[in-house]
>>> print(open('input-v4.txt').read())   # compact mmCIF, C-alpha atoms and all ligand atoms
# COMPACT_ATOMS: atom_id res chain seq x y z
CA MET A 10 -7.11 -20.99 -4.92
CA LYS A 11 -3.74 -20.72 -6.62
CA ILE A 12 -1.20 -17.95 -6.03
CA SER A 13 1.96 -17.25 -7.96
CA ILE A 14 4.40 -14.42 -7.27
CA MET A 15 5.34 -12.36 -10.33
CA SER A 16 7.88 -10.11 -8.62
CA GLN A 17 8.82 -9.23 -5.08
CA THR A 18 10.98 -6.64 -3.34
CA ASP A 19 10.76 -5.24 0.20
CA ARG A 20 8.61 -2.38 -1.03
CA GLU A 21 6.51 -4.02 -3.73
CA VAL A 22 4.94 -7.39 -4.38
CA LYS A 23 3.05 -8.45 -7.49
CA PHE A 24 1.17 -11.75 -7.63
CA ILE A 25 -1.50 -13.66 -9.53
CA VAL A 26 -4.43 -15.19 -7.62
CA GLU A 27 -6.63 -17.71 -9.33
CA GLY A 28 -9.94 -19.11 -8.14
CA ILE A 29 -11.38 -16.14 -6.26
CA ARG A 30 -14.31 -13.87 -7.07
CA PRO A 31 -14.22 -10.08 -7.50
CA ALA A 32 -15.88 -9.58 -4.09
CA PHE A 33 -13.07 -11.42 -2.34
CA ALA A 34 -10.40 -9.57 -4.33
CA ASN A 35 -11.95 -6.31 -3.24
CA SER A 36 -12.14 -7.39 0.43
CA LEU A 37 -8.44 -8.14 0.32
CA ARG A 38 -7.71 -4.78 -1.30
CA ARG A 39 -9.75 -2.91 1.30
CA ALA A 40 -8.17 -4.81 4.20
CA ILE A 41 -4.68 -3.97 2.93
CA MET A 42 -5.50 -0.28 2.54
CA GLY A 43 -7.62 0.34 5.57
CA GLU A 44 -7.32 -2.35 8.22
CA VAL A 45 -3.63 -3.07 8.82
CA PRO A 46 -2.42 -1.19 11.95
CA ILE A 47 0.40 1.21 11.04
CA MET A 48 2.60 3.46 13.19
CA ALA A 49 2.37 7.19 12.45
CA ILE A 50 2.83 10.46 14.31
CA SER A 51 -0.47 11.39 15.83
CA THR A 52 0.11 14.42 18.07
CA VAL A 53 2.89 17.03 18.16
CA GLU A 54 3.68 19.48 20.93
CA PHE A 55 5.77 22.47 19.89
CA SER A 56 7.98 24.34 22.33
CA ALA A 57 9.63 26.45 19.60
CA ASN A 58 8.77 27.02 15.95
CA ASP A 59 10.32 30.09 14.32
CA SER A 60 10.11 28.59 10.82
CA VAL A 61 7.94 29.94 8.01
CA LEU A 62 5.51 27.01 8.35
CA TYR A 63 2.64 26.94 10.84
CA ASP A 64 2.69 24.31 13.62
CA GLU A 65 -0.24 22.52 11.94
CA THR A 66 1.59 22.26 8.61
CA ILE A 67 4.71 20.81 10.22
CA ALA A 68 2.61 18.36 12.26
CA HIS A 69 0.86 17.27 9.07
CA ARG A 70 4.18 16.74 7.28
CA LEU A 71 5.55 14.72 10.20
CA ALA A 72 2.46 12.51 10.29
CA LEU A 73 3.06 11.48 6.67
CA VAL A 74 6.66 10.35 7.30
CA PRO A 75 6.57 6.52 7.10
CA LEU A 76 7.93 4.98 10.32
CA THR A 77 9.44 1.53 10.69
CA PHE A 78 8.10 -0.53 13.61
CA ASP A 79 7.74 -4.10 14.80
CA PRO A 80 4.01 -4.96 14.82
CA LYS A 81 4.59 -7.47 17.65
CA ASN A 82 5.77 -4.70 20.02
CA TYR A 83 2.72 -2.44 19.97
CA ASN A 84 -1.00 -2.53 20.71
CA MET A 85 -3.73 -0.41 19.22
CA PRO A 86 -4.38 2.38 21.79
CA ASN A 87 -7.98 1.23 22.42
CA GLU A 88 -6.86 -2.39 22.99
CA CYS A 89 -3.92 -1.59 25.28
CA LYS A 90 -3.71 -2.42 28.98
CA CYS A 91 -3.39 1.32 29.72
CA GLU A 92 -6.90 1.80 28.27
CA GLY A 93 -5.74 4.42 25.81
CA LYS A 94 -3.94 6.63 28.36
CA GLY A 95 -0.62 5.96 26.58
CA CYS A 96 2.23 3.66 27.61
CA SER A 97 5.36 2.14 26.07
CA GLN A 98 3.27 -0.65 24.53
CA CYS A 99 1.04 1.66 22.55
CA GLN A 100 3.03 4.80 21.81
CA VAL A 101 6.49 6.12 21.00
CA THR A 102 7.92 9.60 21.46
CA LEU A 103 10.04 11.27 18.80
CA VAL A 104 11.74 14.64 19.28
CA ILE A 105 13.27 17.28 17.01
CA ASP A 106 15.60 19.98 18.34
CA LYS A 107 17.24 21.98 15.53
CA LYS A 108 18.62 25.46 15.05
CA GLY A 109 19.04 27.32 11.71
CA PRO A 110 20.47 27.82 9.25
CA THR A 111 19.65 24.27 8.21
CA THR A 112 17.06 22.03 6.61
CA VAL A 113 15.23 19.75 9.00
CA TYR A 114 14.92 16.22 7.58
CA SER A 115 12.99 13.15 8.69
CA LYS A 116 16.27 11.71 10.09
CA ASP A 117 16.28 14.55 12.66
CA LEU A 118 13.37 12.82 14.42
CA LYS A 119 15.04 11.13 17.41
CA SER A 120 13.00 8.20 18.61
CA SER A 121 12.63 6.73 22.11
CA ALA A 122 12.28 3.20 20.66
CA ASP A 123 14.91 1.32 18.67
CA ASP A 124 12.47 -0.19 16.18
CA VAL A 125 10.58 3.03 15.43
CA LYS A 126 12.38 5.41 13.09
CA PRO A 127 11.75 7.18 9.78
CA MET A 128 11.78 4.69 6.90
CA LEU A 129 13.58 7.23 4.68
CA PRO A 130 16.14 9.61 6.22
CA ASP A 131 16.03 12.47 3.76
CA ILE A 132 12.42 13.65 3.62
CA PRO A 133 12.61 17.45 4.01
CA ILE A 134 10.32 18.80 6.74
CA VAL A 135 11.13 22.53 6.83
CA GLU A 136 13.98 24.95 6.20
CA LEU A 137 15.26 27.04 9.09
CA ALA A 138 16.98 30.41 8.46
CA GLU A 139 19.74 31.90 10.60
CA GLY A 140 18.67 32.00 14.26
CA GLN A 141 15.37 30.13 13.73
CA LYS A 142 14.58 27.20 16.01
CA LEU A 143 12.39 24.13 15.82
CA LYS A 144 11.80 22.14 18.98
CA LEU A 145 9.00 19.64 19.32
CA GLU A 146 7.89 16.38 20.84
CA ALA A 147 5.79 14.05 18.71
CA VAL A 148 3.84 10.98 19.76
CA ALA A 149 3.40 8.12 17.30
CA LYS A 150 0.64 5.54 17.68
CA LEU A 151 -0.84 2.67 15.73
CA GLY A 152 -3.92 3.46 13.68
CA LEU A 153 -5.88 2.33 10.63
CA GLY A 154 -5.87 3.66 7.06
CA LYS A 155 -9.68 3.84 7.09
CA ILE A 156 -9.40 6.53 9.79
CA HIS A 157 -6.62 8.63 8.23
CA ALA A 158 -4.33 8.29 5.19
CA LYS A 159 -1.23 8.63 7.41
CA TRP A 160 -2.00 5.12 8.68
CA GLN A 161 -2.45 3.59 5.22
CA ALA A 162 -0.16 0.56 4.87
CA ALA A 163 0.10 0.33 1.10
CA LYS A 164 -1.17 1.33 -2.29
CA VAL A 165 -2.94 -1.61 -3.83
CA GLY A 166 -4.49 -2.30 -7.18
CA TYR A 167 -5.73 -5.38 -8.99
CA ARG A 168 -6.95 -6.19 -12.45
CA TYR A 169 -8.45 -9.14 -14.24
CA TYR A 170 -5.96 -11.51 -15.79
CA PRO A 171 -5.96 -10.90 -19.59
CA GLU A 172 -6.93 -13.76 -21.87
CA ALA A 173 -7.21 -14.01 -25.67
CA GLN A 174 -9.56 -16.20 -27.68
CA THR A 175 -9.36 -16.59 -31.42
CA GLU A 176 -12.12 -17.56 -33.82
CA GLY A 177 -10.36 -19.25 -36.71
CA LYS A 178 -7.14 -17.79 -38.06
CA ILE A 179 -6.12 -14.14 -37.79
CA SER A 180 -4.77 -12.98 -41.15
CA ASN A 181 -2.71 -10.09 -39.80
CA ALA A 182 -1.25 -11.55 -36.57
CA GLU A 183 2.23 -10.08 -37.25
CA GLU A 184 0.73 -6.62 -37.60
CA LEU A 185 -1.02 -6.89 -34.20
CA VAL A 186 2.33 -7.47 -32.51
CA LYS A 187 3.37 -3.96 -33.60
CA ILE A 188 0.02 -2.35 -32.77
CA CYS A 189 -0.04 -3.40 -29.09
CA PRO A 190 0.95 -0.37 -26.96
CA LYS A 191 2.10 -2.67 -24.15
CA ASN A 192 4.22 -4.98 -26.34
CA ALA A 193 2.18 -7.83 -24.89
CA ILE A 194 1.56 -9.81 -28.09
CA THR A 195 3.56 -12.53 -29.77
CA ALA A 196 2.37 -14.13 -33.01
CA LYS A 197 2.55 -17.80 -33.89
CA ASP A 198 1.08 -19.46 -37.01
CA GLY A 199 -1.77 -17.01 -37.47
CA ASN A 200 -2.54 -17.14 -33.78
CA ILE A 201 -1.52 -14.73 -31.05
CA LEU A 202 -0.39 -15.12 -27.46
CA ILE A 203 -0.75 -12.31 -24.96
CA SER A 204 1.37 -11.74 -21.88
CA GLU A 205 0.40 -10.47 -18.41
CA GLU A 206 1.37 -6.95 -19.51
CA CYS A 207 -1.85 -6.75 -21.57
CA ASP A 208 -4.35 -4.31 -20.04
CA THR A 209 -7.22 -5.37 -22.37
CA CYS A 210 -7.18 -2.01 -24.18
CA GLN A 211 -8.81 -3.68 -27.27
CA GLU A 212 -6.43 -2.01 -29.72
CA CYS A 213 -5.59 -5.42 -31.26
CA VAL A 214 -9.21 -6.56 -31.25
CA ARG A 215 -10.21 -3.56 -33.39
CA ALA A 216 -7.36 -4.14 -35.83
CA ALA A 217 -7.66 -7.93 -36.14
CA LYS A 218 -8.67 -9.28 -39.56
CA PRO A 219 -11.13 -10.76 -40.34
CA GLU A 220 -13.32 -8.77 -38.00
CA GLY A 221 -14.40 -10.71 -34.91
CA SER A 222 -11.51 -13.17 -35.15
CA LEU A 223 -10.02 -12.05 -31.85
CA ILE A 224 -11.52 -11.55 -28.40
CA VAL A 225 -9.41 -10.21 -25.52
CA LYS A 226 -10.96 -9.94 -22.07
CA GLY A 227 -10.18 -10.21 -18.41
CA ASN A 228 -10.86 -13.40 -16.46
CA PRO A 229 -13.09 -12.42 -13.49
CA ASN A 230 -11.77 -15.34 -11.43
CA LYS A 231 -8.09 -14.58 -11.88
CA PHE A 232 -6.43 -11.38 -10.69
CA ILE A 233 -3.11 -9.61 -10.87
CA PHE A 234 -2.47 -7.78 -7.60
CA THR A 235 0.14 -5.06 -7.13
CA ILE A 236 0.90 -3.93 -3.58
CA GLU A 237 3.32 -1.11 -2.91
CA SER A 238 4.15 -0.35 0.71
CA ILE A 239 3.90 3.31 1.69
CA SER A 240 4.50 2.56 5.38
CA GLY A 241 7.34 1.15 7.45
CA LEU A 242 6.30 -2.47 6.84
CA ASN A 243 7.41 -4.58 3.92
CA ALA A 244 4.85 -5.37 1.24
CA ALA A 245 4.59 -9.14 1.81
CA ASP A 246 4.09 -8.65 5.58
CA ILE A 247 1.27 -6.21 4.86
CA VAL A 248 -0.53 -8.87 2.80
CA SER A 249 -0.28 -11.47 5.58
CA LEU A 250 -1.40 -8.95 8.22
CA ALA A 251 -4.41 -8.04 6.04
CA ILE A 252 -5.30 -11.73 5.72
CA ASP A 253 -5.12 -12.05 9.53
CA VAL A 254 -7.58 -9.15 9.75
CA LEU A 255 -10.00 -10.86 7.33
CA ARG A 256 -9.68 -14.13 9.25
CA GLU A 257 -10.47 -12.37 12.56
CA LYS A 258 -13.49 -10.65 11.03
CA ALA A 259 -14.85 -13.95 9.68
CA LYS A 260 -14.30 -15.58 13.08
CA GLU A 261 -16.11 -12.77 14.88
CA PHE A 262 -18.94 -12.94 12.37
CA GLY A 263 -19.26 -16.70 12.90
CA LYS A 264 -19.34 -16.22 16.67
CA GLN A 265 -22.10 -13.63 16.47
CA VAL A 266 -24.17 -15.69 14.04
CA LYS A 267 -24.03 -18.64 16.47
CA GLY A 268 -25.44 -16.32 19.12
CA LEU A 269 -28.53 -15.72 16.96
CA LYS A 270 -29.85 -19.24 17.52
ZN ZN B 1 -0.81 1.57 26.31
>>> encode(input="input-v4.txt", output="structure tokens")
Amino acid sequence: MKISIMSQTDREVKFIVEGIRPAFANSLRRAIMGEVPIMAISTVEFSANDSVLYDETIAHRLALVPLTFDPKNYNMPNECKCEGKGCSQCQVTLVIDKKGPTTVYSKDLKSSADDVKPMLPDIPIVELAEGQKLKLEAVAKLGLGKIHAKWQAAKVGYRYYPEAQTEGKISNAEELVKICPKNAITAKDGNILISEECDTCQECVRAAKPEGSLIVKGNPNKFIFTIESISGLNAADIVSLAIDVLREKAKEFGKQVKGLK
């Protein structure tokens, strides 16, 4: 297996993996989306809500606010020493206490833990008019994206790596450079080269002369992955956590298979 990073920021990582099969690529994608534990608001108790939004709507909006957290500090509720009753190792309390006229933003969530806070400060939650109050206590817990989208770590997509094959010489190579909607083609001596931007749309294949002189297709053993974090974790950390999950699953599977003997 060969991996090369195409681009990387805190929020997004793009890389090429070579030497894996589609089934493995899909396992990785599913682990990233559904199996990496993420911190999100899970229950909200309201003591005052005079706003125009129902309690449920505000709770839903709060749950979708990405929260930063240190994965080392928290357990999944069902794996915690407290047996899911709730303690400082498996949950964090955040409170809002605001009075109108004002707009309540994500930054108004005051957290009981230093590492847990809204990833972005200016997500509007609700507008309060003169005299209206919003007072609530929210509890955030770790959970999995496969249970609810609020716990989804990242958006992830992959595609086959584009490759071009030529049969003989293409007579209109220069023309194909202009036709490509992704500007992914460069021409050289009647031959063409395609870049990673190519999405195998086949526009150039249809226009190539003589007919059949060009084949563009994706390599099913080489993938371009794009992972964009939509949680409080950075994109590269999400990938390594997802790989840990896959490793654990394989280990567990091996253990159980041994028990079959
Ligand atoms: Zn606990």
>>> closest_residue(input="input-v4.txt", among="A:Gly199, A:Pro80, A:Pro110, A:Pro171", to="A:Lys218", atoms="only C-alpha atoms")
A:Gly199
>>> atom_distance(input="input-v4.txt", atom1="atom CA of A:Pro46", atom2="atom CA of A:Tyr63")
28.6 Å
>>> closest_atom_pairs(input="input-v4.txt", of="chain A", to="ligand ZN 1 (chain B)", cutoff="10 Å", atoms="only C-alpha atoms and all ligand atoms", output="Markdown table")
| residue | atom | partner | partner_atom | distance |
| --- | --- | --- | --- | --- |
| A:Tyr83 | CA | B:ZN1 | ZN | 8.3 |
| A:Asn84 | CA | B:ZN1 | ZN | 6.9 |
| A:Met85 | CA | B:ZN1 | ZN | 7.9 |
| A:Pro86 | CA | B:ZN1 | ZN | 5.8 |
| A:Asn87 | CA | B:ZN1 | ZN | 8.2 |
| A:Glu88 | CA | B:ZN1 | ZN | 8.0 |
| A:Cys89 | CA | B:ZN1 | ZN | 4.6 |
| A:Lys90 | CA | B:ZN1 | ZN | 5.6 |
| A:Cys91 | CA | B:ZN1 | ZN | 4.3 |
| A:Glu92 | CA | B:ZN1 | ZN | 6.4 |
| A:Gly93 | CA | B:ZN1 | ZN | 5.7 |
| A:Lys94 | CA | B:ZN1 | ZN | 6.3 |
| A:Gly95 | CA | B:ZN1 | ZN | 4.4 |
| A:Cys96 | CA | B:ZN1 | ZN | 3.9 |
| A:Ser97 | CA | B:ZN1 | ZN | 6.2 |
| A:Gln98 | CA | B:ZN1 | ZN | 5.0 |
| A:Cys99 | CA | B:ZN1 | ZN | 4.2 |
| A:Gln100 | CA | B:ZN1 | ZN | 6.7 |
| A:Lys150 | CA | B:ZN1 | ZN | 9.6 |
>>> residues_around(input="input-v4.txt", residues="A:Phe234", least_positions_apart="6", cutoff="12 Å", atoms="only C-alpha atoms", output="PyMOL selection string")
chain A and resi 12-17+21-27+31+34-35+37-38+41+164-170+205+244-245+248
>>> write_last_selection(input="input-v4.txt", atoms="C-alpha atoms", output="CSV table (one decimal), keeping the file's coordinate frame")
chain,number,residue,atom,x,y,z
A,12,ILE,CA,-1.2,-18.0,-6.0
A,13,SER,CA,2.0,-17.2,-8.0
A,14,ILE,CA,4.4,-14.4,-7.3
A,15,MET,CA,5.3,-12.4,-10.3
A,16,SER,CA,7.9,-10.1,-8.6
A,17,GLN,CA,8.8,-9.2,-5.1
A,21,GLU,CA,6.5,-4.0,-3.7
A,22,VAL,CA,4.9,-7.4,-4.4
A,23,LYS,CA,3.0,-8.4,-7.5
A,24,PHE,CA,1.2,-11.8,-7.6
A,25,ILE,CA,-1.5,-13.7,-9.5
A,26,VAL,CA,-4.4,-15.2,-7.6
A,27,GLU,CA,-6.6,-17.7,-9.3
A,31,PRO,CA,-14.2,-10.1,-7.5
A,34,ALA,CA,-10.4,-9.6,-4.3
A,35,ASN,CA,-12.0,-6.3,-3.2
A,37,LEU,CA,-8.4,-8.1,0.3
A,38,ARG,CA,-7.7,-4.8,-1.3
A,41,ILE,CA,-4.7,-4.0,2.9
A,164,LYS,CA,-1.2,1.3,-2.3
A,165,VAL,CA,-2.9,-1.6,-3.8
A,166,GLY,CA,-4.5,-2.3,-7.2
A,167,TYR,CA,-5.7,-5.4,-9.0
A,168,ARG,CA,-7.0,-6.2,-12.4
A,169,TYR,CA,-8.4,-9.1,-14.2
A,170,TYR,CA,-6.0,-11.5,-15.8
A,205,GLU,CA,0.4,-10.5,-18.4
A,244,ALA,CA,4.8,-5.4,1.2
A,245,ALA,CA,4.6,-9.1,1.8
A,248,VAL,CA,-0.5,-8.9,2.8
>>> closest_residue(input="input-v4.txt", among="A:Thr66, A:Met42, A:Pro127, A:Ser60", to="A:Thr111", atoms="only C-alpha atoms")
A:Ser60
>>> residues_around(input="input-v4.txt", residues="A:Ile239", least_positions_apart="4", cutoff="12 Å", atoms="all atoms listed in the file", output="CSV table (one decimal) with C-alpha atoms, in the frame of the given file")
chain,number,residue,atom,x,y,z
A,19,ASP,CA,10.8,-5.2,0.2
A,20,ARG,CA,8.6,-2.4,-1.0
A,21,GLU,CA,6.5,-4.0,-3.7
A,41,ILE,CA,-4.7,-4.0,2.9
A,42,MET,CA,-5.5,-0.3,2.5
A,47,ILE,CA,0.4,1.2,11.0
A,48,MET,CA,2.6,3.5,13.2
A,49,ALA,CA,2.4,7.2,12.4
A,73,LEU,CA,3.1,11.5,6.7
A,74,VAL,CA,6.7,10.4,7.3
A,75,PRO,CA,6.6,6.5,7.1
A,76,LEU,CA,7.9,5.0,10.3
A,77,THR,CA,9.4,1.5,10.7
A,127,PRO,CA,11.8,7.2,9.8
A,128,MET,CA,11.8,4.7,6.9
A,129,LEU,CA,13.6,7.2,4.7
A,154,GLY,CA,-5.9,3.7,7.1
A,158,ALA,CA,-4.3,8.3,5.2
A,159,LYS,CA,-1.2,8.6,7.4
A,160,TRP,CA,-2.0,5.1,8.7
A,161,GLN,CA,-2.4,3.6,5.2
A,162,ALA,CA,-0.2,0.6,4.9
A,163,ALA,CA,0.1,0.3,1.1
A,164,LYS,CA,-1.2,1.3,-2.3
A,165,VAL,CA,-2.9,-1.6,-3.8
A,243,ASN,CA,7.4,-4.6,3.9
A,244,ALA,CA,4.8,-5.4,1.2
A,247,ILE,CA,1.3,-6.2,4.9
>>> closest_residue(input="input-v4.txt", among="A:Glu146, A:Glu172, A:Asp131, A:Glu206", to="A:Ile50", atoms="all atoms listed in the file")
A:Glu146
>>> residues_around(input="input-v4.txt", residues="stretch 133-145 of chain A", least_positions_apart="2", cutoff="12 Å", atoms="all atoms listed in the file", output="compact mmCIF listing (two decimals) with C-alpha atoms, in the frame of the given file")
# COMPACT_ATOMS: atom_id res chain seq x y z
CA THR A 52 0.11 14.42 18.07
CA VAL A 53 2.89 17.03 18.16
CA GLU A 54 3.68 19.48 20.93
CA PHE A 55 5.77 22.47 19.89
CA SER A 56 7.98 24.34 22.33
CA ALA A 57 9.63 26.45 19.60
CA ASN A 58 8.77 27.02 15.95
CA ASP A 59 10.32 30.09 14.32
CA SER A 60 10.11 28.59 10.82
CA VAL A 61 7.94 29.94 8.01
CA LEU A 62 5.51 27.01 8.35
CA TYR A 63 2.64 26.94 10.84
CA ASP A 64 2.69 24.31 13.62
CA THR A 66 1.59 22.26 8.61
CA ILE A 67 4.71 20.81 10.22
CA ALA A 68 2.61 18.36 12.26
CA HIS A 69 0.86 17.27 9.07
CA ARG A 70 4.18 16.74 7.28
CA LEU A 71 5.55 14.72 10.20
CA ALA A 72 2.46 12.51 10.29
CA LEU A 73 3.06 11.48 6.67
CA VAL A 74 6.66 10.35 7.30
CA THR A 102 7.92 9.60 21.46
CA LEU A 103 10.04 11.27 18.80
CA VAL A 104 11.74 14.64 19.28
CA ILE A 105 13.27 17.28 17.01
CA ASP A 106 15.60 19.98 18.34
CA LYS A 107 17.24 21.98 15.53
CA LYS A 108 18.62 25.46 15.05
CA GLY A 109 19.04 27.32 11.71
CA PRO A 110 20.47 27.82 9.25
CA THR A 111 19.65 24.27 8.21
CA THR A 112 17.06 22.03 6.61
CA VAL A 113 15.23 19.75 9.00
CA TYR A 114 14.92 16.22 7.58
CA SER A 115 12.99 13.15 8.69
CA LYS A 116 16.27 11.71 10.09
CA ASP A 117 16.28 14.55 12.66
CA LEU A 118 13.37 12.82 14.42
CA LYS A 119 15.04 11.13 17.41
CA PRO A 127 11.75 7.18 9.78
CA LEU A 129 13.58 7.23 4.68
CA PRO A 130 16.14 9.61 6.22
CA ASP A 131 16.03 12.47 3.76
CA ALA A 147 5.79 14.05 18.71
CA VAL A 148 3.84 10.98 19.76
>>> closest_residue(input="input-v4.txt", among="A:Pro229, A:Gly268, A:Gly263, A:Gly241", to="A:Gly28", atoms="all atoms listed in the file")
A:Pro229
>>> residues_near_point(input="input-v4.txt", point="(2.7, -15.6, -33.0)", cutoff="12 Å", atoms="all atoms listed in the file", output="JSON list (two decimals) with C-alpha atoms, in the coordinates of the input")
[["chain", "number", "residue", "atom", "x", "y", "z"],
["A", 178, "LYS", "CA", -7.14, -17.79, -38.06],
["A", 179, "ILE", "CA", -6.12, -14.14, -37.79],
["A", 180, "SER", "CA", -4.77, -12.98, -41.15],
["A", 181, "ASN", "CA", -2.71, -10.09, -39.80],
["A", 182, "ALA", "CA", -1.25, -11.55, -36.57],
["A", 183, "GLU", "CA", 2.23, -10.08, -37.25],
["A", 184, "GLU", "CA", 0.73, -6.62, -37.60],
["A", 185, "LEU", "CA", -1.02, -6.89, -34.20],
["A", 186, "VAL", "CA", 2.33, -7.47, -32.51],
["A", 187, "LYS", "CA", 3.37, -3.96, -33.60],
["A", 193, "ALA", "CA", 2.18, -7.83, -24.89],
["A", 194, "ILE", "CA", 1.56, -9.81, -28.09],
["A", 195, "THR", "CA", 3.56, -12.53, -29.77],
["A", 196, "ALA", "CA", 2.37, -14.13, -33.01],
["A", 197, "LYS", "CA", 2.55, -17.80, -33.89],
["A", 198, "ASP", "CA", 1.08, -19.46, -37.01],
["A", 199, "GLY", "CA", -1.77, -17.01, -37.47],
["A", 200, "ASN", "CA", -2.54, -17.14, -33.78],
["A", 201, "ILE", "CA", -1.52, -14.73, -31.05],
["A", 202, "LEU", "CA", -0.39, -15.12, -27.46],
["A", 203, "ILE", "CA", -0.75, -12.31, -24.96],
["A", 204, "SER", "CA", 1.37, -11.74, -21.88]]
>>> axis_aligned_box(input="input-v4.txt", around="stretch 127-131 of chain A", padding_each_side="4 Å", output="AutoDock Vina command-line options")
--center_x 13.9 --center_y 8.6 --center_z 6.8 --size_x 12.4 --size_y 15.8 --size_z 14.0
>>> atom_distance(input="input-v4.txt", atom1="atom CA of A:Ala32", atom2="atom CA of A:Lys231")
12.1 Å
>>> closest_residue(input="input-v4.txt", among="A:Ser36, A:Gly177, A:Lys11, A:Lys126", to="A:Ser222", atoms="all atoms listed in the file")
A:Gly177
>>> atom_distance(input="input-v4.txt", atom1="atom CA of A:Val45", atom2="atom CA of A:Lys267")
26.8 Å
>>> build_atoms(input="input-v4.txt", residues="stretch 28-41 of chain A", atoms="N, CA and C atoms", output="short mmCIF file (atom, residue, chain, number, x, y, z; two decimals), in the coordinates of the input")
data_model
loop_
_atom_site.label_atom_id
_atom_site.label_comp_id
_atom_site.auth_asym_id
_atom_site.auth_seq_id
_atom_site.Cartn_x
_atom_site.Cartn_y
_atom_site.Cartn_z
N GLY A 28 -8.92 -18.37 -8.88
CA GLY A 28 -9.94 -19.11 -8.14
C GLY A 28 -10.62 -18.29 -7.06
N ILE A 29 -10.60 -16.97 -7.18
CA ILE A 29 -11.38 -16.14 -6.26
C ILE A 29 -12.34 -15.27 -7.07
N ARG A 30 -13.33 -14.71 -6.39
CA ARG A 30 -14.31 -13.87 -7.07
C ARG A 30 -13.96 -12.41 -6.82
N PRO A 31 -14.53 -11.50 -7.66
CA PRO A 31 -14.22 -10.08 -7.50
C PRO A 31 -14.50 -9.55 -6.08
N ALA A 32 -15.55 -10.06 -5.43
CA ALA A 32 -15.88 -9.58 -4.09
C ALA A 32 -14.76 -9.88 -3.11
N PHE A 33 -14.16 -11.06 -3.25
CA PHE A 33 -13.07 -11.42 -2.34
C PHE A 33 -11.82 -10.59 -2.64
N ALA A 34 -11.56 -10.40 -3.93
CA ALA A 34 -10.40 -9.57 -4.33
C ALA A 34 -10.53 -8.17 -3.73
N ASN A 35 -11.74 -7.65 -3.77
CA ASN A 35 -11.95 -6.31 -3.24
C ASN A 35 -11.85 -6.27 -1.71
N SER A 36 -12.29 -7.34 -1.04
CA SER A 36 -12.14 -7.39 0.43
C SER A 36 -10.67 -7.35 0.79
N LEU A 37 -9.87 -8.10 0.04
CA LEU A 37 -8.44 -8.14 0.32
C LEU A 37 -7.82 -6.75 0.09
N ARG A 38 -8.22 -6.12 -1.00
CA ARG A 38 -7.71 -4.78 -1.30
C ARG A 38 -8.06 -3.79 -0.18
N ARG A 39 -9.31 -3.85 0.26
CA ARG A 39 -9.75 -2.91 1.30
C ARG A 39 -9.08 -3.20 2.63
N ALA A 40 -8.85 -4.46 2.94
CA ALA A 40 -8.17 -4.81 4.20
C ALA A 40 -6.73 -4.30 4.18
N ILE A 41 -6.07 -4.43 3.04
CA ILE A 41 -4.68 -3.97 2.93
C ILE A 41 -4.61 -2.45 3.10
#
